[in-house]
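Q: Got target-v6.cif for you, mmCIF, C-alpha atoms:
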data_input
loop_
_atom_site.label_atom_id
_atom_site.label_comp_id
_atom_site.auth_asym_id
_atom_site.auth_seq_id
_atom_site.Cartn_x
_atom_site.Cartn_y
_atom_site.Cartn_z
CA MET A 1 67.59 94.30 81.46
CA SER A 2 68.88 91.84 78.92
CA ILE A 3 69.87 93.43 75.63
CA ASN A 4 69.13 91.74 72.32
CA TYR A 5 72.09 93.09 70.42
CA ASP A 6 70.96 91.46 67.19
CA LYS A 7 68.07 93.94 67.02
CA LEU A 8 70.18 97.05 67.30
CA PRO A 9 71.04 99.30 64.35
CA THR A 10 74.66 99.16 63.29
CA TYR A 11 76.95 101.91 62.05
CA PHE A 12 80.41 102.28 60.54
CA ALA A 13 82.85 105.15 60.31
CA ALA A 14 86.27 105.18 58.64
CA THR A 15 88.82 107.95 58.30
CA THR A 16 90.78 108.95 55.27
CA THR A 17 94.55 109.24 55.77
CA PHE A 18 95.63 111.72 58.43
CA THR A 19 98.67 112.57 60.54
CA PRO A 20 97.70 112.74 64.19
CA GLY A 21 99.10 114.46 67.24
CA THR A 22 100.75 112.40 69.95
CA GLN A 23 97.71 111.72 72.12
CA ASP A 24 94.13 110.86 71.15
CA MET A 25 94.05 110.43 67.41
CA PHE A 26 90.58 108.97 66.97
CA THR A 27 87.62 108.99 69.33
CA ILE A 28 84.05 107.77 69.54
CA TYR A 29 81.84 109.21 72.28
CA GLY A 30 78.42 108.32 73.57
CA ASN A 31 75.44 110.61 73.91
CA ALA A 32 72.54 111.49 76.12
CA THR A 33 69.85 109.56 74.28
CA THR A 34 71.23 106.12 73.43
CA ASN A 35 73.79 103.63 74.61
CA ILE A 36 76.69 103.02 72.24
CA TYR A 37 78.06 99.51 71.91
CA VAL A 38 81.52 99.48 70.32
CA LEU A 39 81.85 96.23 68.39
CA LYS A 40 85.10 96.42 66.47
CA THR A 41 87.77 98.96 65.71
CA GLY A 42 90.96 98.86 63.69
CA VAL A 43 93.99 100.97 62.87
CA SER A 44 96.76 100.77 60.28
CA SER A 45 99.54 103.18 59.40
CA ILE A 46 102.59 103.89 57.29
CA GLN A 47 105.70 105.98 57.88
CA THR A 48 108.79 106.99 55.95
CA THR A 49 111.15 104.55 57.62
CA THR A 50 109.89 101.15 58.64
CA GLY A 51 109.25 100.84 62.34
CA ILE A 52 107.10 99.35 65.04
CA GLN A 53 104.66 101.58 66.86
CA ARG A 54 102.65 101.09 69.99
CA PHE A 55 99.01 101.96 69.68
CA HIS A 56 97.04 102.43 72.88
CA LEU A 57 93.32 101.95 73.15
CA LYS A 58 91.74 103.96 75.95
CA ARG A 59 88.39 104.14 77.59
CA LYS A 60 87.55 107.81 78.12
CA THR A 61 85.67 109.02 81.17
CA ALA A 62 85.49 112.70 80.24
CA VAL A 63 85.34 114.66 77.03
CA ASN A 64 88.29 116.20 75.22
CA SER A 65 88.34 119.86 74.32
CA GLY A 66 90.42 121.96 71.97
CA GLY A 67 92.86 120.70 69.41
CA THR A 68 92.00 120.22 65.79
CA ASN A 69 89.55 117.54 64.87
CA ALA A 70 87.24 116.56 62.07
CA VAL A 71 84.02 114.60 62.21
CA VAL A 72 84.20 111.16 60.65
CA THR A 73 80.92 110.45 58.90
CA ALA A 74 78.81 107.69 60.43
CA VAL A 75 77.41 105.32 57.82
CA ASN A 76 74.21 103.49 58.60
CA ALA A 77 74.43 99.79 57.76
CA ASN A 78 70.76 99.90 56.80
CA ALA A 79 69.15 103.08 55.54
CA ASN A 80 65.89 102.06 57.22
CA ASN A 81 67.52 102.53 60.60
CA ILE A 82 67.62 105.83 62.44
CA ALA A 83 70.67 108.04 62.07
CA ALA A 84 73.61 107.47 64.39
CA SER A 85 73.92 109.54 67.54
CA ALA A 86 77.52 108.70 68.47
CA THR A 87 80.21 111.27 67.71
CA VAL A 88 83.32 110.08 65.86
CA LEU A 89 86.33 112.39 65.50
CA GLN A 90 89.84 112.23 64.06
CA TYR A 91 92.47 114.55 65.53
CA THR A 92 95.31 116.18 63.63
CA VAL A 93 96.30 118.34 66.62
CA ASN A 94 96.14 117.04 70.18
CA PRO A 95 93.21 118.18 72.32
CA THR A 96 94.32 120.98 74.61
CA VAL A 97 92.40 119.32 77.42
CA SER A 98 92.35 115.55 77.33
CA GLY A 99 89.46 113.89 79.12
CA GLY A 100 90.27 111.29 81.74
CA SER A 101 91.03 107.81 80.52
CA THR A 102 92.00 104.31 81.49
CA GLU A 103 93.89 101.90 79.32
CA ILE A 104 92.19 99.07 77.48
CA LEU A 105 95.34 98.16 75.61
CA ASP A 106 98.41 99.41 77.44
CA GLY A 107 100.90 99.05 74.65
CA ASN A 108 100.65 95.30 74.70
CA ASN A 109 99.68 95.25 71.10
CA LEU A 110 102.12 96.37 68.46
CA SER A 111 101.43 97.36 64.93
CA LEU A 112 104.19 97.21 62.36
CA SER A 113 104.19 100.44 60.43
CA LEU A 114 105.67 100.36 57.04
CA THR A 115 107.35 102.41 54.43
CA SER A 116 106.08 102.46 50.90
CA SER A 117 108.04 99.31 50.25
CA GLY A 118 105.22 96.93 49.64
CA ALA A 119 106.09 94.87 52.67
CA SER A 120 103.13 93.06 54.16
CA SER A 121 100.73 95.50 55.73
CA GLN A 122 98.93 94.89 58.99
CA ILE A 123 95.77 96.14 60.59
CA LEU A 124 95.56 96.09 64.37
CA MET A 125 91.98 95.20 65.17
CA MET A 126 90.11 94.86 68.43
CA ASP A 127 86.96 92.78 68.51
CA PHE A 128 84.68 93.59 71.43
CA GLU A 129 81.67 92.08 69.71
CA THR A 130 82.16 88.55 70.88
CA ALA A 131 83.02 89.38 74.48
CA ILE A 132 80.96 87.46 76.97
CA GLY A 133 78.75 89.92 78.74
CA GLY A 134 78.52 92.18 75.73
CA PRO A 135 80.67 94.71 73.90
CA LEU A 136 82.24 97.94 75.18
CA VAL A 137 79.46 100.29 76.33
CA LEU A 138 79.50 104.09 76.14
CA ALA A 139 76.57 105.05 78.31
CA SER A 140 76.76 108.85 78.31
CA SER A 141 78.13 111.76 76.34
CA THR A 142 81.21 111.85 78.56
CA GLN A 143 82.12 108.24 77.90
CA GLY A 144 84.31 107.43 74.94
CA MET A 145 86.92 105.22 73.40
CA ALA A 146 90.12 106.47 71.82
CA TRP A 147 93.06 105.26 69.80
CA ASN A 148 96.02 107.05 71.35
CA PHE A 149 99.77 107.39 70.70
CA ASN A 150 100.55 107.92 74.41
CA GLY A 151 102.72 110.98 73.93
CA VAL A 152 105.30 109.32 71.73
CA ALA A 153 106.70 111.50 68.94
CA ILE A 154 105.00 110.94 65.64
CA PRO A 155 107.43 109.29 63.19
CA ALA A 156 108.27 111.09 59.96
CA GLY A 157 105.77 110.42 57.23
CA PHE A 158 103.30 108.82 59.60
CA LYS A 159 99.77 108.48 58.22
CA ALA A 160 97.00 106.58 59.92
CA LEU A 161 93.72 105.02 58.87
CA VAL A 162 91.20 104.13 61.56
CA TRP A 163 87.70 102.65 61.49
CA VAL A 164 85.05 101.67 64.00
CA LEU A 165 81.89 99.57 63.97
CA TRP A 166 79.23 100.08 66.60
CA ALA A 167 75.57 99.53 67.48
CA GLU A 168 73.17 101.84 69.29
CA GLY A 169 70.36 100.96 71.66
CA PRO A 170 68.05 102.50 74.22
CA LYS A 171 69.31 103.60 77.61
CA THR A 172 69.19 100.72 80.04
CA MET S 1 60.94 93.08 60.52
CA SER S 2 63.38 90.54 61.78
CA ILE S 3 65.42 88.92 59.00
CA ASN S 4 66.53 85.32 59.12
CA TYR S 5 69.70 85.66 57.11
CA ASP S 6 70.32 81.92 57.25
CA LYS S 7 67.37 81.36 54.93
CA LEU S 8 68.48 83.74 52.22
CA ASN S 9 70.11 82.84 48.92
CA THR S 10 73.87 83.32 48.87
CA TYR S 11 76.00 84.53 45.98
CA MET S 12 79.59 85.36 45.25
CA ALA S 13 81.35 87.22 42.46
CA ALA S 14 84.97 87.94 41.70
CA SER S 15 86.72 90.24 39.31
CA GLY S 16 89.48 89.04 37.11
CA ALA S 17 92.78 90.84 37.55
CA PHE S 18 92.17 94.31 36.17
CA SER S 19 93.75 97.74 36.03
CA PRO S 20 91.53 100.53 37.33
CA GLY S 21 91.14 103.79 35.46
CA ALA S 22 93.18 106.88 36.18
CA ALA S 23 92.80 108.58 39.57
CA PRO S 24 90.03 106.16 40.47
CA GLN S 25 87.32 106.53 43.03
CA ASP S 26 85.17 103.38 43.05
CA VAL S 27 87.10 100.48 41.58
CA PHE S 28 84.92 97.45 42.36
CA THR S 29 81.28 97.78 43.36
CA ILE S 30 78.21 95.83 44.29
CA SER S 31 74.95 97.63 43.62
CA GLY S 32 71.49 96.81 44.91
CA SER S 33 68.38 96.02 42.90
CA ALA S 34 64.76 97.03 42.56
CA THR S 35 63.42 93.60 43.47
CA ALA S 36 65.46 92.35 46.41
CA ASN S 37 67.37 93.64 49.37
CA ILE S 38 71.09 92.92 49.17
CA TYR S 39 73.04 92.16 52.34
CA VAL S 40 76.79 92.34 51.85
CA LEU S 41 78.57 89.79 54.01
CA ARG S 42 82.22 89.97 53.06
CA MET S 43 84.51 91.72 50.61
CA GLY S 44 88.14 91.07 49.76
CA ILE S 45 90.88 92.73 47.75
CA SER S 46 94.51 92.18 46.80
CA SER S 47 96.79 93.97 44.38
CA VAL S 48 100.23 94.06 42.77
CA GLN S 49 102.04 96.87 40.99
CA THR S 50 105.23 97.39 38.99
CA THR S 51 107.23 98.85 41.89
CA ALA S 52 106.25 97.49 45.26
CA GLY S 53 104.27 99.94 47.36
CA ILE S 54 101.50 100.35 49.86
CA ASN S 55 98.18 102.00 49.09
CA ASP S 56 95.31 103.36 51.12
CA TRP S 57 92.04 101.65 50.28
CA TYR S 58 88.49 102.45 51.38
CA ILE S 59 85.04 100.94 51.19
CA ALA S 60 82.55 103.60 50.18
CA LYS S 61 78.79 103.43 50.56
CA ARG S 62 76.77 105.45 48.05
CA SER S 63 73.11 106.33 47.75
CA THR S 64 73.08 107.07 44.03
CA ALA S 65 74.70 105.25 41.16
CA ASN S 66 77.98 106.09 39.48
CA SER S 67 77.71 107.02 35.81
CA GLY S 68 80.07 106.89 32.89
CA GLY S 69 83.40 105.16 32.76
CA VAL S 70 83.81 101.58 31.70
CA ALA S 71 82.34 98.99 34.05
CA VAL S 72 83.00 95.33 33.46
CA ALA S 73 80.33 93.11 34.97
CA SER S 74 81.30 90.07 37.04
CA THR S 75 79.17 86.95 37.00
CA ALA S 76 77.26 86.29 40.19
CA VAL S 77 77.65 82.67 41.23
CA SER S 78 74.89 81.10 43.28
CA PHE S 79 75.99 78.90 46.17
CA GLN S 80 73.24 76.43 45.30
CA SER S 81 71.92 75.61 41.88
CA GLY S 82 68.18 75.98 41.61
CA GLN S 83 68.14 79.20 43.57
CA SER S 84 66.88 82.29 41.84
CA ASP S 85 69.41 84.33 39.92
CA ALA S 86 71.16 87.15 41.73
CA THR S 87 69.75 90.61 41.24
CA ALA S 88 72.73 92.58 42.54
CA SER S 89 75.14 94.05 39.99
CA ILE S 90 78.89 93.67 40.31
CA ALA S 91 81.24 95.96 38.41
CA SER S 92 84.98 96.44 37.96
CA TYR S 93 85.82 99.88 36.63
CA THR S 94 88.61 99.85 34.07
CA THR S 95 87.86 103.46 33.24
CA THR S 96 86.95 105.77 36.08
CA PRO S 97 83.28 106.83 36.20
CA SER S 98 82.77 110.32 34.82
CA SER S 99 80.42 111.09 37.71
CA ASP S 100 80.49 109.55 41.17
CA GLY S 101 77.31 108.65 42.98
CA SER S 102 76.40 110.46 46.20
CA LEU S 103 78.81 109.39 48.91
CA ILE S 104 77.28 108.51 52.27
CA GLY S 105 80.66 107.77 53.82
CA TYR S 106 83.38 105.21 54.29
CA VAL S 107 82.79 102.05 56.28
CA TRP S 108 86.37 100.76 56.26
CA SER S 109 89.84 102.07 55.46
CA GLY S 110 93.24 100.42 55.54
CA TRP S 111 96.75 100.39 54.12
CA ALA S 112 97.28 97.46 51.79
CA SER S 113 100.57 96.35 50.33
CA ALA S 114 101.01 95.85 46.61
CA PRO S 115 104.15 93.83 45.92
CA ALA S 116 105.94 93.77 42.59
CA PRO S 117 105.10 90.44 40.99
CA ALA S 118 108.35 90.22 39.06
CA THR S 119 110.67 90.67 42.00
CA THR S 120 108.70 90.33 45.17
CA THR S 121 109.91 88.52 48.20
CA GLU S 122 106.84 89.66 50.08
CA ASP S 123 103.54 87.91 50.41
CA VAL S 124 100.57 89.48 48.72
CA SER S 125 98.16 90.66 51.40
CA THR S 126 94.53 89.91 50.83
CA PHE S 127 92.26 92.04 52.97
CA ILE S 128 88.97 90.44 53.89
CA ILE S 129 86.40 92.71 55.45
CA ASN S 130 83.70 90.81 57.28
CA PHE S 131 80.31 92.49 57.71
CA GLU S 132 78.57 89.20 58.32
CA THR S 133 78.97 89.00 62.05
CA ALA S 134 77.99 92.57 62.78
CA ILE S 135 75.41 92.82 65.51
CA GLY S 136 72.25 94.12 63.92
CA GLY S 137 73.01 92.57 60.55
CA PRO S 138 75.31 93.13 57.59
CA ILE S 139 75.36 96.16 55.31
CA ALA S 140 72.09 96.50 53.42
CA LEU S 141 71.65 97.80 49.87
CA LEU S 142 67.96 98.58 49.64
CA SER S 143 67.64 99.89 46.10
CA ALA S 144 69.36 99.83 42.74
CA ALA S 145 70.85 103.20 43.59
CA ASP S 146 72.67 101.89 46.67
CA SER S 147 76.20 100.58 46.30
CA LEU S 148 79.21 99.49 48.28
CA GLY S 149 82.62 99.57 46.67
CA PHE S 150 86.36 99.41 47.09
CA ASN S 151 87.57 102.95 46.53
CA PHE S 152 90.97 104.53 45.82
CA LEU S 153 89.97 108.07 46.82
CA GLY S 154 91.11 109.59 43.54
CA ASN S 155 94.77 109.00 44.30
CA ALA S 156 97.18 108.67 41.40
CA LEU S 157 97.20 105.15 40.05
CA PRO S 158 100.55 103.43 40.66
CA THR S 159 102.13 102.10 37.52
CA GLY S 160 101.05 98.57 36.81
CA LEU S 161 98.48 98.39 39.60
CA SER S 162 96.48 95.23 39.05
CA VAL S 163 93.57 94.50 41.37
CA SER S 164 91.61 91.38 42.22
CA ALA S 165 88.47 91.78 44.30
CA TRP S 166 85.51 89.69 45.35
CA VAL S 167 82.26 90.00 47.25
CA LEU S 168 79.95 87.61 49.08
CA TRP S 169 76.30 88.51 49.67
CA VAL S 170 72.77 87.25 50.33
CA GLU S 171 69.51 88.48 48.85
CA GLY S 172 66.15 88.71 50.53
CA PRO S 173 62.73 90.19 49.98
CA LYS S 174 62.13 93.90 50.30
CA SER S 175 61.50 94.71 53.92
#
Can you turn what I pasted into structure tokens?

A:
Amino acid sequence: MSINYDKLPTYFAATTTFTPGTQDMFTIYGNATTNIYVLKTGVSSIQTTTGIQRFHLKRKTAVNSGGTNAVVTAVNANANNIAASATVLQYTVNPTVSGGSTEILDGNNLSLSLTSSGASSQILMMDFETAIGGPLVLASSTQGMAWNFNGVAIPAGFKALVWVLWAEGPKT
Amino acid sequence: MSINYDKLNTYMAASGAFSPGAAPQDVFTISGSATANIYVLRMGISSVQTTAGINDWYIAKRSTANSGGVAVASTAVSFQSGQSDATASIASYTTTPSSDGSLIGYVWSGWASAPAPATTTEDVSTFIINFETAIGGPIALLSAADSLGFNFLGNALPTGLSVSAWVLWVEGPKS
């Protein structure tokens, strides 16, 4: 079935500052009732001493469990649309069980993290929206997408901000 | 109802350089109206401060209006003369609202540098957040109570923080 993405309701979610664990730091998962189309997502960070960090973007094939997380509120782009059904979480302690994953970005993209020096800040953004064939699809509650630190020690003073934009449509 | 955004009237407004109030929440807002639906296409912000630093910024969506504080209105500029006047309201808060409107949530967050204008060797970063290309349409403000605004999350205001912000939007009939 061809999907008319332009007709789908759109949602946003953005974290406040948080210090993550070393694995999944931010996740969006699908659900049993709709398909989730991840359109764009971005991350930026600071740390005490200027450095370059490798952010990994992973496609999850199973759910996480444990750890310490908080729900990131989904904001409807249009209040006339139905409420979001995707689940968006930020992690401050690694999940004790990390669901299976495959890399979307395998450290090929670097984000310069900065001290409070006023040096130019950067946001690492991935745009799935314009991909031929459609954006990244989360077709069940066990399918997700995660920003991940890949086990690397968190630098001193590290604080992240992450956001995601997505659309939701009927199961196909 | 399907909306043909290409047929809607387009407007833009910019703040002058201004210093927000103490421990600010919303700093620069666009609010909807009773007579038209507002579709926010893009927003941008840049800042400088006395000692160079980096600040966390947010875009907050609210379902009720802020009250109190000192809000300086920005003029809405139509992209084409002869179009009807804008009905959205644009405000820069130089004194923090005494009461914040009901927060729905944050739609964007990011770290933004604020160089020191007197000594900087760094470029000033202007962050442009584009809602225009979102599948399903841009962010809609459906009533006068709805707003979208750059937000500082109540953090302490850095000395000398001076902000410039702008917004681009279209207006259409109530749907």

Q: Residues of chain S within 10 Å of chain A, counting only C-alpha atoms - could you list those as a PyMOL selection string?

A: chain S and resi 1-3+39-40+48-49+51-63+103-116+120-127+131+133-142+146+153+175

Q: From the options S:Ser102, S:Ser164, S:Thr95, S:Thr159, which residue's atoms come nearest to Pro24 (chain S), counting all atoms listed in the file?

A: S:Thr95

Q: Where does the PyMOL selection byres ((chain S and resi 150) around 9) land in this file, that is, which residues does it pick, as a VMD selection string?

A: chain S and resid 25 to 29 43 to 45 57 to 60 148 to 149 151 to 152 165

Q: Rounded to one decimal in Å, what is the spacing between CA of Phe79 (chain S) and CA of Asp127 (chain A)?

A: 28.5 Å

Q: Here is a test: counting only C-alpha atoms, which residue of S:Ala34, S:Ala86, S:Ala23, S:Val72 is nearest to Thr10 (chain S)?

A: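 Using only C-alpha atoms, Thr10 (chain S) sits closest to S:Ala86.
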
Q: Do you know which residues are at most 8 Å from Ala70 (chain A) counting only C-alpha atoms, after dropping those on the same chain fewer than 6 positions away, and could you put them as a list in words?

A: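 Here the answer would be Leu89, Gln90 and Tyr91 of chain A.
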
Q: Could you tell me, as a PyMOL selection string, exactly which residues end up selected when the PyMOL selection byres ((chain S and resi 78) around 10) is applied to this structure?

A: chain S and resi 9-13+75-77+79-86+169-170

Q: Check which residues satisfy the PyMOL selection byres ((chain A and resi 148) around 8) in the file shown, then give them as a list in words.

A: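 Going through the file, the PyMOL selection byres ((chain A and resi 148) around 8) ends up selecting Thr22, Gln23, Asp24, Met25, Phe26, Phe55, His56, Leu57, Lys58, Ala146, Trp147, Phe149 and Asn150 of chain A.
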
Q: Calculate how many Å separate CA of Ile28 (chain A) from CA of Thr92 (chain A), rounding to one decimal.

A: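 Computing it gives 15.2 Å between the two atoms.
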
Q: Pick out the residues sitting within 7 Å of Pro95 (chain A), and hand them over as a list in words; count all atoms listed in the file, and ignore anything fewer than 4 positions along from it in its own chain.

A: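 In the requested format, the answer is Asn64, Ser65, Gly66, Gly67 and Thr68 of chain A.
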